[in-house]
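This is query-v9.cif. It holds mmCIF, C-alpha atoms.
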data_data
loop_
_atom_site.label_atom_id
_atom_site.label_comp_id
_atom_site.auth_asym_id
_atom_site.auth_seq_id
_atom_site.Cartn_x
_atom_site.Cartn_y
_atom_site.Cartn_z
CA MET A 1 -264.11 -237.38 71.91
CA SER A 2 -263.84 -238.33 75.57
CA SER A 3 -261.09 -240.76 76.47
CA SER A 4 -262.09 -244.34 76.90
CA SER A 5 -259.97 -244.98 80.02
CA SER A 6 -261.60 -242.58 82.43
CA SER A 7 -260.29 -243.16 85.92
CA SER A 8 -262.56 -240.71 87.74
CA SER A 9 -265.76 -242.03 89.28
CA SER A 10 -267.77 -238.88 88.59
CA PRO A 11 -270.61 -239.04 86.05
CA PRO A 12 -269.23 -239.00 82.48
CA CYS A 13 -268.88 -235.39 81.32
CA PRO A 14 -268.82 -234.50 77.63
CA LYS A 15 -265.38 -232.81 77.80
CA LYS A 16 -262.57 -234.04 80.01
CA MET A 17 -260.78 -231.10 81.62
CA ILE A 18 -257.25 -230.86 82.93
CA THR A 19 -256.13 -228.36 85.52
CA LEU A 20 -252.85 -226.53 85.14
CA LYS A 21 -251.17 -224.52 87.86
CA SER A 22 -248.86 -221.67 86.94
CA SER A 23 -245.72 -220.61 88.77
CA ASP A 24 -247.60 -217.87 90.62
CA GLY A 25 -250.31 -220.20 91.84
CA GLU A 26 -253.09 -219.47 89.34
CA THR A 27 -255.05 -222.44 88.08
CA PHE A 28 -256.43 -222.86 84.61
CA GLU A 29 -258.71 -225.44 83.10
CA ILE A 30 -258.07 -226.79 79.65
CA GLU A 31 -259.87 -229.43 77.63
CA GLU A 32 -257.90 -232.62 77.35
CA ILE A 33 -258.09 -232.57 73.59
CA ALA A 34 -256.57 -229.08 73.55
CA ALA A 35 -253.91 -230.14 76.05
CA LEU A 36 -252.81 -232.91 73.71
CA GLN A 37 -251.14 -230.30 71.54
CA SER A 38 -248.46 -230.11 74.18
CA LYS A 39 -246.23 -233.17 74.10
CA THR A 40 -245.32 -232.62 77.74
CA LEU A 41 -248.97 -232.63 78.79
CA GLU A 42 -249.73 -235.52 76.44
CA ASN A 43 -247.09 -237.62 78.18
CA MET A 44 -248.53 -236.75 81.56
CA ILE A 45 -252.02 -237.64 80.42
CA ASP A 46 -250.80 -240.96 79.05
CA GLU A 47 -249.16 -241.77 82.34
CA ASN A 48 -252.34 -240.89 84.21
CA CYS A 49 -250.80 -237.99 86.13
CA ALA A 50 -253.44 -235.59 84.92
CA SER A 51 -256.07 -236.20 87.57
CA THR A 52 -254.57 -233.62 89.93
CA PRO A 53 -253.58 -230.08 88.98
CA ILE A 54 -250.33 -230.15 87.02
CA PRO A 55 -247.78 -227.67 88.37
CA LEU A 56 -245.89 -225.72 85.71
CA PRO A 57 -243.17 -223.85 87.61
CA ASN A 58 -241.70 -222.34 84.46
CA VAL A 59 -244.80 -220.57 83.21
CA LYS A 60 -246.37 -217.46 84.69
CA GLY A 61 -250.14 -217.18 85.01
CA LYS A 62 -250.45 -214.38 82.47
CA ILE A 63 -248.67 -216.43 79.82
CA LEU A 64 -250.33 -219.71 80.73
CA ALA A 65 -253.73 -218.09 80.17
CA LYS A 66 -252.71 -217.17 76.63
CA VAL A 67 -251.21 -220.59 75.97
CA VAL A 68 -254.46 -222.23 77.05
CA GLU A 69 -256.31 -219.87 74.72
CA PHE A 70 -253.99 -220.82 71.86
CA CYS A 71 -254.34 -224.55 72.36
CA THR A 72 -258.08 -224.33 72.71
CA LYS A 73 -258.38 -222.32 69.51
CA HIS A 74 -256.17 -224.71 67.59
CA ALA A 75 -258.04 -227.76 68.86
CA GLU A 76 -261.32 -226.42 67.57
CA ALA A 77 -262.72 -228.54 64.80
CA GLY A 78 -263.84 -226.88 61.61
CA ALA A 79 -261.68 -223.76 61.81
CA ASP A 80 -260.59 -222.81 58.30
CA ALA A 81 -256.94 -222.11 57.63
CA GLU A 82 -257.39 -218.46 56.65
CA THR A 83 -259.17 -217.36 59.83
CA LEU A 84 -256.76 -219.39 61.94
CA ARG A 85 -253.80 -217.70 60.28
CA ALA A 86 -255.31 -214.28 60.90
CA TRP A 87 -256.00 -215.22 64.51
CA ASP A 88 -252.40 -216.43 64.88
CA ALA A 89 -251.03 -213.18 63.47
CA GLU A 90 -253.03 -211.24 66.01
CA PHE A 91 -251.92 -213.59 68.77
CA VAL A 92 -248.24 -212.78 68.26
CA GLY A 93 -248.80 -209.11 67.46
CA VAL A 94 -247.92 -208.18 71.02
CA GLU A 95 -244.92 -206.76 72.86
CA HIS A 96 -241.65 -208.62 72.16
CA ALA A 97 -241.11 -209.58 75.78
CA ILE A 98 -244.43 -211.43 75.73
CA VAL A 99 -243.54 -213.23 72.50
CA PHE A 100 -240.30 -214.38 74.14
CA ASP A 101 -242.34 -215.71 77.05
CA TYR A 102 -244.52 -217.59 74.55
CA ILE A 103 -241.38 -219.14 73.09
CA LEU A 104 -240.12 -220.23 76.48
CA ALA A 105 -243.52 -221.66 77.44
CA ALA A 106 -243.95 -223.45 74.10
CA ASN A 107 -240.44 -224.85 74.44
CA PHE A 108 -241.10 -226.10 77.95
CA LEU A 109 -244.50 -227.56 77.12
CA GLU A 110 -243.34 -228.81 73.69
CA ILE A 111 -246.06 -227.20 71.60
CA PRO A 112 -244.56 -227.20 68.10
CA THR A 113 -247.28 -225.02 66.50
CA LEU A 114 -246.91 -222.23 69.04
CA LEU A 115 -243.12 -222.50 69.04
CA ASP A 116 -242.92 -222.19 65.26
CA LEU A 117 -245.42 -219.34 65.20
CA ALA A 118 -243.64 -217.30 67.87
CA CYS A 119 -240.12 -218.00 66.55
CA GLU A 120 -241.13 -217.10 63.03
CA SER A 121 -242.63 -213.82 64.23
CA VAL A 122 -239.33 -212.94 65.96
CA ALA A 123 -237.47 -213.90 62.78
CA GLU A 124 -239.71 -211.43 60.92
CA MET A 125 -238.53 -208.73 63.33
CA ILE A 126 -234.92 -209.55 62.43
CA LYS A 127 -235.37 -209.84 58.66
CA GLY A 128 -233.99 -207.03 56.59
CA LYS A 129 -232.24 -205.26 59.42
CA THR A 130 -228.56 -204.43 59.63
CA PRO A 131 -226.64 -205.67 62.69
CA ASP A 132 -226.81 -202.18 64.21
CA GLU A 133 -230.55 -201.95 63.74
CA ILE A 134 -230.98 -205.43 65.26
CA ARG A 135 -228.97 -204.38 68.30
CA LYS A 136 -231.02 -201.23 68.77
CA PHE A 137 -234.28 -203.08 68.32
CA PHE A 138 -233.53 -205.74 70.91
CA ASN A 139 -231.42 -203.55 73.14
CA ILE A 140 -228.34 -205.77 72.86
CA ASN A 141 -224.92 -204.56 73.86
CA ASN A 142 -222.32 -204.70 71.14
CA ALA A 143 -219.53 -206.74 72.65
CA PHE A 144 -217.47 -206.99 69.45
CA SER A 145 -214.28 -205.06 69.08
CA PRO A 146 -213.65 -203.70 65.57
CA GLU A 147 -211.06 -206.44 64.97
CA GLU A 148 -213.44 -209.21 66.01
CA GLU A 149 -216.19 -207.76 63.85
CA GLU A 150 -213.81 -207.68 60.89
CA ASP A 151 -212.93 -211.34 61.58
CA VAL A 152 -216.56 -212.43 61.49
CA ARG A 153 -217.19 -210.44 58.33
CA ARG A 154 -214.19 -211.98 56.63
CA GLN A 155 -215.20 -215.50 57.61
CA ASN A 156 -218.57 -215.10 55.96
CA GLN A 157 -217.40 -212.93 53.10
CA TRP A 158 -217.02 -215.82 50.66
CA ALA A 159 -220.77 -215.93 50.20
CA PHE A 160 -221.07 -212.31 49.18
CA GLU A 161 -218.48 -212.22 46.46
CA MET B 1 -220.29 -206.50 85.80
CA GLU B 2 -218.20 -203.82 87.50
CA GLU B 3 -214.43 -203.80 87.47
CA GLU B 4 -212.71 -205.58 90.34
CA GLU B 5 -210.16 -202.83 90.78
CA GLU B 6 -211.96 -201.22 93.72
CA GLN B 7 -209.16 -202.08 96.15
CA LYS B 8 -206.49 -200.12 94.34
CA PRO B 9 -205.66 -197.15 96.51
CA ALA B 10 -205.36 -193.61 95.28
CA MET B 11 -206.19 -194.40 91.71
CA THR B 12 -208.54 -192.31 89.72
CA PRO B 13 -211.41 -194.59 88.84
CA CYS B 14 -210.82 -195.63 85.31
CA PHE B 15 -211.10 -198.80 83.31
CA SER B 16 -207.87 -200.70 82.99
CA SER B 17 -207.23 -200.76 79.31
CA SER B 18 -203.96 -202.44 78.67
CA SER B 19 -204.73 -203.50 75.15
CA LYS B 20 -206.57 -201.66 72.47
CA ARG B 21 -209.32 -204.24 72.78
CA ARG B 22 -211.29 -202.29 75.35
CA LYS B 23 -214.62 -203.86 76.22
CA SER B 24 -217.37 -201.48 75.28
CA ARG B 25 -219.33 -202.00 78.48
CA SER B 26 -218.74 -198.52 79.70
CA GLY B 27 -222.30 -197.92 80.85
CA ALA B 28 -224.85 -199.80 82.89
CA PRO B 29 -225.43 -203.18 81.20
CA SER B 30 -228.69 -202.95 79.29
CA PHE B 31 -231.27 -205.65 79.61
CA ALA B 32 -232.04 -207.54 76.44
CA PRO B 33 -235.05 -209.80 77.02
CA ILE B 34 -234.26 -211.78 73.89
CA ASN B 35 -231.08 -213.06 75.47
CA ASN B 36 -233.21 -214.73 78.12
CA LEU B 37 -234.07 -217.36 75.55
CA ASP B 38 -231.96 -220.46 75.67
CA ASP B 39 -229.66 -221.53 72.85
CA GLY B 40 -232.14 -223.97 71.31
CA CYS B 41 -234.87 -221.34 71.06
CA LEU B 42 -232.55 -218.75 69.52
CA MET B 43 -231.28 -221.26 66.99
CA HIS B 44 -234.86 -222.15 66.15
CA ILE B 45 -235.54 -218.46 65.46
CA PHE B 46 -232.41 -218.23 63.28
CA SER B 47 -233.49 -221.29 61.32
CA PHE B 48 -236.34 -219.21 59.89
CA LEU B 49 -233.89 -216.67 58.51
CA SER B 50 -232.26 -217.14 55.15
CA PRO B 51 -228.48 -217.28 55.47
CA ILE B 52 -227.90 -214.41 53.05
CA PRO B 53 -228.20 -211.72 54.27
CA ASP B 54 -230.22 -212.10 57.46
CA ARG B 55 -228.42 -214.87 59.30
CA TYR B 56 -225.06 -213.37 58.50
CA ASN B 57 -226.29 -210.07 59.86
CA THR B 58 -227.32 -211.73 63.11
CA ALA B 59 -223.81 -213.17 63.39
CA LEU B 60 -222.51 -209.61 63.67
CA VAL B 61 -224.80 -208.61 66.53
CA CYS B 62 -222.94 -210.03 69.51
CA HIS B 63 -220.70 -212.96 70.48
CA ARG B 64 -223.50 -215.25 71.54
CA TRP B 65 -225.50 -214.69 68.37
CA CYS B 66 -222.38 -215.20 66.27
CA TYR B 67 -221.78 -218.55 67.94
CA LEU B 68 -225.38 -219.65 67.45
CA ALA B 69 -225.92 -218.30 63.93
CA CYS B 70 -222.86 -220.15 62.65
CA HIS B 71 -223.53 -223.26 64.71
CA PRO B 72 -223.40 -226.62 62.92
CA GLN B 73 -226.90 -227.37 64.15
CA LEU B 74 -228.18 -224.94 61.52
CA TRP B 75 -226.28 -226.68 58.73
CA LEU B 76 -227.79 -229.15 56.33
CA ARG B 77 -226.33 -232.61 56.56
CA VAL B 78 -225.76 -235.33 54.04
CA ASP B 79 -225.80 -238.77 55.54
CA ARG B 80 -226.12 -241.80 53.33
CA SER B 81 -227.63 -243.90 56.08
CA VAL B 82 -230.77 -241.75 56.29
CA LYS B 83 -233.65 -243.86 55.03
CA ASP B 84 -236.50 -241.40 54.85
CA SER B 85 -236.92 -237.67 55.05
CA SER B 86 -238.34 -237.69 58.54
CA GLU B 87 -235.60 -235.63 60.12
CA SER B 88 -235.53 -232.17 58.60
CA GLY B 89 -232.17 -230.92 57.46
CA VAL B 90 -230.70 -234.37 56.84
CA PHE B 91 -230.50 -235.69 53.28
CA PRO B 92 -229.46 -239.03 51.85
CA ASN B 93 -227.40 -237.59 49.03
CA ILE B 94 -225.68 -234.41 47.94
CA GLU B 95 -228.08 -233.57 45.12
CA SER B 96 -231.10 -233.39 47.40
CA ALA B 97 -229.21 -231.32 49.95
CA VAL B 98 -228.06 -228.89 47.26
CA SER B 99 -231.54 -228.44 45.83
CA ALA B 100 -233.08 -227.93 49.27
CA ALA B 101 -230.41 -225.50 50.43
CA ARG B 102 -230.92 -221.76 50.51
CA PRO B 103 -228.26 -219.41 49.16
CA GLY B 104 -225.54 -219.12 51.76
CA ASP B 105 -226.29 -222.41 53.50
CA THR B 106 -223.58 -224.74 54.71
CA ILE B 107 -223.83 -228.45 53.95
CA LEU B 108 -221.96 -230.87 56.15
CA ILE B 109 -221.14 -234.11 54.35
CA ALA B 110 -220.79 -237.11 56.64
CA ALA B 111 -217.40 -238.79 56.79
CA GLY B 112 -216.89 -242.44 55.98
CA GLY B 113 -217.48 -244.31 52.76
CA SER B 114 -217.86 -242.45 49.54
CA HIS B 115 -220.63 -240.23 48.25
CA VAL B 116 -221.53 -240.37 44.61
CA ALA B 117 -221.12 -236.99 43.00
CA SER B 118 -221.95 -236.97 39.36
CA ASN B 119 -222.40 -233.71 37.43
CA ILE B 120 -223.94 -231.98 40.42
CA GLN B 121 -224.70 -228.44 39.38
CA ILE B 122 -224.50 -225.78 42.05
CA ASN B 123 -225.96 -222.44 41.06
CA LYS B 124 -226.29 -220.72 44.42
CA PRO B 125 -223.69 -219.75 46.99
CA LEU B 126 -223.10 -222.78 49.19
CA CYS B 127 -220.41 -224.07 51.47
CA LEU B 128 -219.67 -227.78 51.44
CA ILE B 129 -217.72 -229.11 54.39
CA GLY B 130 -216.44 -232.61 55.04
CA GLY B 131 -217.45 -234.03 58.39
CA GLY B 132 -214.25 -235.85 59.25
CA GLN B 133 -211.11 -234.73 61.04
CA LEU B 134 -209.12 -234.94 57.84
CA PRO B 135 -210.15 -234.34 54.26
CA ASP B 136 -209.33 -238.01 53.52
CA GLU B 137 -212.32 -239.12 55.52
CA THR B 138 -215.02 -237.59 53.33
CA MET B 139 -214.88 -238.77 49.76
CA LEU B 140 -216.90 -237.56 46.79
CA LEU B 141 -216.57 -240.02 43.98
CA CYS B 142 -217.19 -239.16 40.37
CA SER B 143 -217.42 -242.34 38.39
CA ARG B 144 -216.65 -242.89 34.75
CA GLY B 145 -219.22 -241.47 32.42
CA SER B 146 -219.65 -238.19 34.25
CA ASP B 147 -217.94 -235.04 33.11
CA SER B 148 -217.32 -233.78 36.59
CA ALA B 149 -218.20 -234.33 40.18
CA LEU B 150 -219.30 -230.78 40.92
CA GLU B 151 -220.11 -228.01 38.50
CA PHE B 152 -220.09 -224.48 39.89
CA LEU B 153 -222.12 -221.64 38.45
CA SER B 154 -221.94 -219.54 41.57
CA THR B 155 -219.57 -218.56 44.32
CA CYS B 156 -218.95 -221.56 46.55
CA LYS B 157 -216.62 -222.84 49.18
CA LEU B 158 -215.31 -226.37 49.65
CA SER B 159 -213.49 -227.42 52.74
CA ASN B 160 -212.06 -230.62 54.19
CA LEU B 161 -213.21 -232.89 51.36
CA THR B 162 -211.71 -235.36 48.93
CA VAL B 163 -213.00 -235.29 45.39
CA LYS B 164 -211.96 -238.20 43.23
CA ALA B 165 -212.65 -238.42 39.55
CA GLU B 166 -212.11 -241.63 37.67
CA LEU B 167 -212.25 -239.95 34.31
CA GLY B 168 -213.27 -236.40 33.60
CA CYS B 169 -212.59 -233.67 36.08
CA CYS B 170 -213.17 -233.16 39.75
CA LEU B 171 -214.39 -229.60 39.76
CA LEU B 172 -215.83 -227.74 36.81
CA HIS B 173 -215.84 -224.00 37.40
CA ARG B 174 -218.14 -222.01 35.16
CA SER B 175 -218.55 -218.72 36.99
CA GLY B 176 -218.37 -217.11 40.38
CA ARG B 177 -215.61 -217.45 42.89
CA LEU B 178 -214.68 -220.95 43.93
CA ILE B 179 -212.78 -221.30 47.17
CA ILE B 180 -211.07 -224.61 47.88
CA ASP B 181 -209.52 -224.88 51.28
CA GLY B 182 -207.87 -227.92 52.78
CA CYS B 183 -209.15 -230.44 50.24
CA ILE B 184 -207.76 -233.32 48.22
CA LEU B 185 -208.37 -233.56 44.49
CA GLN B 186 -207.55 -236.91 42.93
CA CYS B 187 -207.49 -237.87 39.32
CA GLU B 188 -206.25 -240.64 37.13
CA THR B 189 -202.57 -241.24 37.28
CA ASP B 190 -200.37 -242.61 34.50
CA PRO B 191 -200.98 -243.66 31.83
CA LEU B 192 -204.42 -242.12 31.42
CA ASP B 193 -203.66 -238.91 33.24
CA TYR B 194 -204.21 -236.73 30.20
CA LEU B 195 -207.86 -237.70 30.31
CA SER B 196 -208.67 -236.21 33.63
CA CYS B 197 -207.96 -232.94 35.28
CA PRO B 198 -208.63 -231.83 38.85
CA ILE B 199 -209.88 -228.34 38.08
CA VAL B 200 -211.34 -227.14 34.83
CA SER B 201 -212.34 -223.52 34.53
CA THR B 202 -214.35 -222.25 31.62
CA ALA B 203 -214.98 -218.88 33.24
CA THR B 204 -214.06 -215.68 31.53
CA GLY B 205 -212.47 -212.79 33.31
CA SER B 206 -214.76 -209.95 34.19
CA LYS B 207 -213.74 -206.43 35.11
CA VAL B 208 -211.35 -206.58 38.02
CA VAL B 209 -212.80 -204.53 40.83
CA SER B 210 -210.31 -203.80 43.54
CA SER B 211 -211.84 -203.36 46.93
CA PRO B 212 -210.66 -203.66 50.55
CA ILE B 213 -212.14 -207.13 50.65
CA GLY B 214 -210.10 -208.34 47.75
CA TYR B 215 -210.47 -209.55 44.26
CA HIS B 216 -213.94 -209.50 42.83
CA GLY B 217 -214.77 -211.51 39.80
CA ASN B 218 -214.67 -215.01 38.50
CA GLY B 219 -211.85 -217.13 39.76
CA VAL B 220 -210.69 -220.06 41.81
CA SER B 221 -208.78 -219.79 45.05
CA VAL B 222 -206.98 -222.85 46.26
CA SER B 223 -205.26 -223.17 49.60
CA GLN B 224 -203.60 -226.04 51.42
CA THR B 225 -204.94 -228.56 48.93
CA ARG B 226 -203.38 -231.76 47.71
CA ILE B 227 -203.69 -232.39 44.03
CA GLU B 228 -202.85 -235.87 42.84
CA GLY B 229 -202.96 -237.30 39.37
CA GLY B 230 -204.02 -235.57 36.23
CA ALA B 231 -201.61 -234.21 33.72
CA LYS B 232 -202.30 -230.61 34.63
CA ALA B 233 -203.73 -229.29 37.88
CA VAL B 234 -205.82 -226.61 36.21
CA LEU B 235 -207.20 -226.48 32.71
CA THR B 236 -208.62 -223.15 31.66
CA SER B 237 -210.55 -222.59 28.50
CA GLY B 238 -211.55 -219.03 29.36
CA ASP B 239 -209.42 -215.97 30.07
CA LEU B 240 -208.28 -216.98 33.50
CA ALA B 241 -204.73 -217.98 34.28
CA LEU B 242 -202.83 -219.58 37.08
CA GLN B 243 -201.28 -217.10 39.46
CA ARG B 244 -199.21 -217.06 42.61
CA VAL B 245 -198.51 -220.76 42.85
CA ARG B 246 -196.89 -221.97 46.03
CA VAL B 247 -196.10 -225.55 46.87
CA MET B 248 -195.25 -227.09 50.19
CA CYS B 249 -193.63 -230.51 50.16
CA ALA B 250 -194.54 -232.60 53.17
CA ARG B 251 -193.16 -236.09 53.66
CA THR B 252 -195.65 -237.91 51.47
CA ASN B 253 -197.75 -235.18 49.92
CA LEU B 254 -197.60 -231.92 48.12
CA PHE B 255 -199.79 -229.06 49.22
CA PHE B 256 -200.70 -226.32 46.80
CA TRP B 257 -201.74 -222.74 47.09
CA PHE B 258 -202.73 -220.88 43.97
CA ASP B 259 -205.30 -218.66 42.38
CA VAL B 260 -206.89 -218.80 38.98
CA GLU B 261 -207.75 -215.27 38.03
CA CYS B 262 -207.92 -212.81 35.24
CA PRO B 263 -204.33 -211.78 34.61
CA SER B 264 -204.01 -208.12 35.53
#
Rewrite the coordinates I just gave you, this time as structure tokens.
Amino acid sequence: MSSSSSSSSSPPCPKKMITLKSSDGETFEIEEIAALQSKTLENMIDENCASTPIPLPNVKGKILAKVVEFCTKHAEAGADAETLRAWDAEFVGVEHAIVFDYILAANFLEIPTLLDLACESVAEMIKGKTPDEIRKFFNINNAFSPEEEEDVRRQNQWAFE
Amino acid sequence: MEEEEEQKPAMTPCFSSSSKRRKSRSGAPSFAPINNLDDGCLMHIFSFLSPIPDRYNTALVCHRWCYLACHPQLWLRVDRSVKDSSESGVFPNIESAVSAARPGDTILIAAGGSHVASNIQINKPLCLIGGGQLPDETMLLCSRGSDSALEFLSTCKLSNLTVKAELGCCLLHRSGRLIIDGCILQCETDPLDYLSCPIVSTATGSKVVSSPIGYHGNGVSVSQTRIEGGAKAVLTSGDLALQRVRVMCARTNLFFWFDVECPS
């Protein structure tokens, strides 16, 4: 499980850890095998930049903690799909603003599993709602004039006839 | 952002509304955290929504969402040079794209060369768009032995494509509303032109429902389309009839506008 090309001279430890530093200065430790879920971190590990703490200026400490938790959970061997799915559902069952932060972090760190999970949960929030309900839910200003709205409706109308 | 009219002297503070298109930002701008996401992330979210009705509903939310929900990046693409199915959303032929598409999806067909289209049945609302600048650049070829290139059992839209049938017909319309905009339909010319026909409609007229949106019911709507070859442009074996035909003669081509509908 440990990498064969270990550059550190310390005694071989069973799990190789990587240190990540958030935008607000907090540091987090993550197992290398869990970090490999992030393509960004994987590239850094491959290029041997992972021996010092990796600064992540785009991710706040609060979010980075959760991302580390996610990657660690998903790197666990022997987790069955059902429990993992339930755990995932709980993971994104939080305030929207936090889910958006997950999306931004997963996008920056290139973690496809987290990105898909978070995006799909936002899509679930949009499903079945009318445009007005969507605007209210996400607090979006309606910048369409009635004529513009009519234009958009007409453009897409072909599919509804 | 506030108006920049602060310098105007002795004016009652009011929004300058010269046109009836007044921007509805008459309060403090509200903060929408979701709009903090960049375009790629929002499009990724929209890709999980089915086009009908959810993605079309998101297009009505605000300008930015409209731009992203209708963005070509969310379309399916047909590209003959694709070897394997590694890239999602890209298909080597039209049949696979049609079967993978969800109702309401748009399929962009790559320009250049010709795509084989042989009796492709479409039974869900789809929009097929040619990827070139002109309809001539994207060619769907229906070779001898096939009845038609495309067979429509559902409302569909075709745009910017050329459909060429060697024998048989280009488009077979069974039901739903077929919209053909800016296309080229080519059939056999003399002496075998009686054998092929650009549009064949076997649909029957249903009750005409008049609504603000327009005509509801089975029919074909053709606009700005060149029709070449074939003895007749439209062959109907159901109740529908040709209506409102207009022709524009350009230097080398004829452009048609017409509808095939239940005669009222």
With all atoms listed in the file counted and 7 Å as the cut-off, give the residues of chain B in contact with chain A, each with its shortest interatomic distance in Å and the pair that gives it, as a tab-separated table.
residue	atom	partner	partner_atom	distance
B:Arg21	CA	A:Ser145	CA	6.2
B:Lys23	CA	A:Ala143	CA	6.7
B:Ser24	CA	A:Ala143	CA	6.3
B:Ser30	CA	A:Asn139	CA	6.8
B:Phe31	CA	A:Asn139	CA	6.8
B:Ala32	CA	A:Asn139	CA	5.2
B:Pro33	CA	A:Ala97	CA	6.2
B:Ile34	CA	A:Phe100	CA	6.6
B:Leu37	CA	A:Leu104	CA	6.8
B:His44	CA	A:Cys119	CA	6.7
B:Ile45	CA	A:Cys119	CA	4.7
B:Phe46	CA	A:Ala123	CA	6.7
B:Phe48	CA	A:Glu120	CA	6.1
B:Leu49	CA	A:Ala123	CA	6.2
B:Asp54	CA	A:Lys127	CA	5.8
B:Asn57	CA	A:Pro131	CA	5.2
B:Thr58	CA	A:Pro131	CA	6.1
B:Leu60	CA	A:Pro131	CA	5.8
B:Val61	CA	A:Pro131	CA	5.2
B:Cys62	CA	A:Asn142	CA	5.6
B:His63	CA	A:Ala143	CA	6.7
B:Gly104	CA	A:Ala159	CA	5.9
B:Pro125	CA	A:Ala159	CA	5.8
B:Thr155	CA	A:Ala159	CA	6.6
B:Cys156	CA	A:Ala159	CA	7.0
B:Arg177	CA	A:Glu161	CA	7.0
B:His216	CA	A:Glu161	CA	6.4
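Note that the spacing between atom CA of B:Ser50 and atom CA of B:Ala97 amounts to 15.4 Å.
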Hits from the PyMOL selection byres ((chain B and resi 183) around 12), listed as a PyMOL selection string: chain B and resi 128-130+132-140+157-164+170-171+179-182+184-186+198+221-228+254-257
Radius query 6 Å about (-246.3, -225.1, 87.6), atoms used: all atoms listed in the file, as a PyMOL selection string: chain A and resi 21-23+55-57
For the residues selected in the previous step, produce a file with C-alpha atoms as a CSV table (one decimal), in the frame of the given file.
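File again-v5.csv, as written:
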chain,number,residue,atom,x,y,z
A,21,LYS,CA,-251.2,-224.5,87.9
A,22,SER,CA,-248.9,-221.7,86.9
A,23,SER,CA,-245.7,-220.6,88.8
A,55,PRO,CA,-247.8,-227.7,88.4
A,56,LEU,CA,-245.9,-225.7,85.7
A,57,PRO,CA,-243.2,-223.8,87.6
Residues matched by the PyMOL selection byres ((chain A and resi 28-37) around 7), written as a count of residues only: 18
Shell around B:Val116 at 9 Å using all atoms listed in the file, local window under 4 positions removed, as an NGL selection string: :B and (93-94 or 139-143 or 149)
Go ahead and save the picked residues with C-alpha atoms, as a compact mmCIF listing (two decimals), in the coordinates of the input.
# COMPACT_ATOMS: atom_id res chain seq x y z
CA ASN B 93 -227.40 -237.59 49.03
CA ILE B 94 -225.68 -234.41 47.94
CA MET B 139 -214.88 -238.77 49.76
CA LEU B 140 -216.90 -237.56 46.79
CA LEU B 141 -216.57 -240.02 43.98
CA CYS B 142 -217.19 -239.16 40.37
CA SER B 143 -217.42 -242.34 38.39
CA ALA B 149 -218.20 -234.33 40.18
Computed interatomic separation between atom CA of B:Cys70 and atom CA of B:Phe91 (Å):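 For atom CA of B:Cys70 relative to atom CA of B:Phe91, the distance reads 19.7 Å.
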Interatomic distance, atom CA of B:Ser148 to atom CA of B:Asp105 (Å, one decimal):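 Interatomic distance here is 22.3 Å.
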Within 9 Å of file point (-217.7, -236.4, 32.6), counting all atoms listed in the file, expressed as a list in words: Ser118, Asn119, Cys142, Ser143, Arg144, Gly145, Ser146, Asp147, Ser148, Ala149, Ala165, Leu167, Gly168 and Cys169 of chain B
The PyMOL selection byres ((chain B and resi 218) around 12) applied to the shown file, residues as a PyMOL selection string: (chain A and resi 161) or (chain B and resi 152-156+173-179+201-209+215-217+219-221+238-241+259-263)
Could you write those residues out with C-alpha atoms, as a JSON list (two decimals), keeping the file's coordinate frame?
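Written out: result.json:
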[["chain", "number", "residue", "atom", "x", "y", "z"],
["A", 161, "GLU", "CA", -218.48, -212.22, 46.46],
["B", 152, "PHE", "CA", -220.09, -224.48, 39.89],
["B", 153, "LEU", "CA", -222.12, -221.64, 38.45],
["B", 154, "SER", "CA", -221.94, -219.54, 41.57],
["B", 155, "THR", "CA", -219.57, -218.56, 44.32],
["B", 156, "CYS", "CA", -218.95, -221.56, 46.55],
["B", 173, "HIS", "CA", -215.84, -224.00, 37.40],
["B", 174, "ARG", "CA", -218.14, -222.01, 35.16],
["B", 175, "SER", "CA", -218.55, -218.72, 36.99],
["B", 176, "GLY", "CA", -218.37, -217.11, 40.38],
["B", 177, "ARG", "CA", -215.61, -217.45, 42.89],
["B", 178, "LEU", "CA", -214.68, -220.95, 43.93],
["B", 179, "ILE", "CA", -212.78, -221.30, 47.17],
["B", 201, "SER", "CA", -212.34, -223.52, 34.53],
["B", 202, "THR", "CA", -214.35, -222.25, 31.62],
["B", 203, "ALA", "CA", -214.98, -218.88, 33.24],
["B", 204, "THR", "CA", -214.06, -215.68, 31.53],
["B", 205, "GLY", "CA", -212.47, -212.79, 33.31],
["B", 206, "SER", "CA", -214.76, -209.95, 34.19],
["B", 207, "LYS", "CA", -213.74, -206.43, 35.11],
["B", 208, "VAL", "CA", -211.35, -206.58, 38.02],
["B", 209, "VAL", "CA", -212.80, -204.53, 40.83],
["B", 215, "TYR", "CA", -210.47, -209.55, 44.26],
["B", 216, "HIS", "CA", -213.94, -209.50, 42.83],
["B", 217, "GLY", "CA", -214.77, -211.51, 39.80],
["B", 219, "GLY", "CA", -211.85, -217.13, 39.76],
["B", 220, "VAL", "CA", -210.69, -220.06, 41.81],
["B", 221, "SER", "CA", -208.78, -219.79, 45.05],
["B", 238, "GLY", "CA", -211.55, -219.03, 29.36],
["B", 239, "ASP", "CA", -209.42, -215.97, 30.07],
["B", 240, "LEU", "CA", -208.28, -216.98, 33.50],
["B", 241, "ALA", "CA", -204.73, -217.98, 34.28],
["B", 259, "ASP", "CA", -205.30, -218.66, 42.38],
["B", 260, "VAL", "CA", -206.89, -218.80, 38.98],
["B", 261, "GLU", "CA", -207.75, -215.27, 38.03],
["B", 262, "CYS", "CA", -207.92, -212.81, 35.24],
["B", 263, "PRO", "CA", -204.33, -211.78, 34.61]]
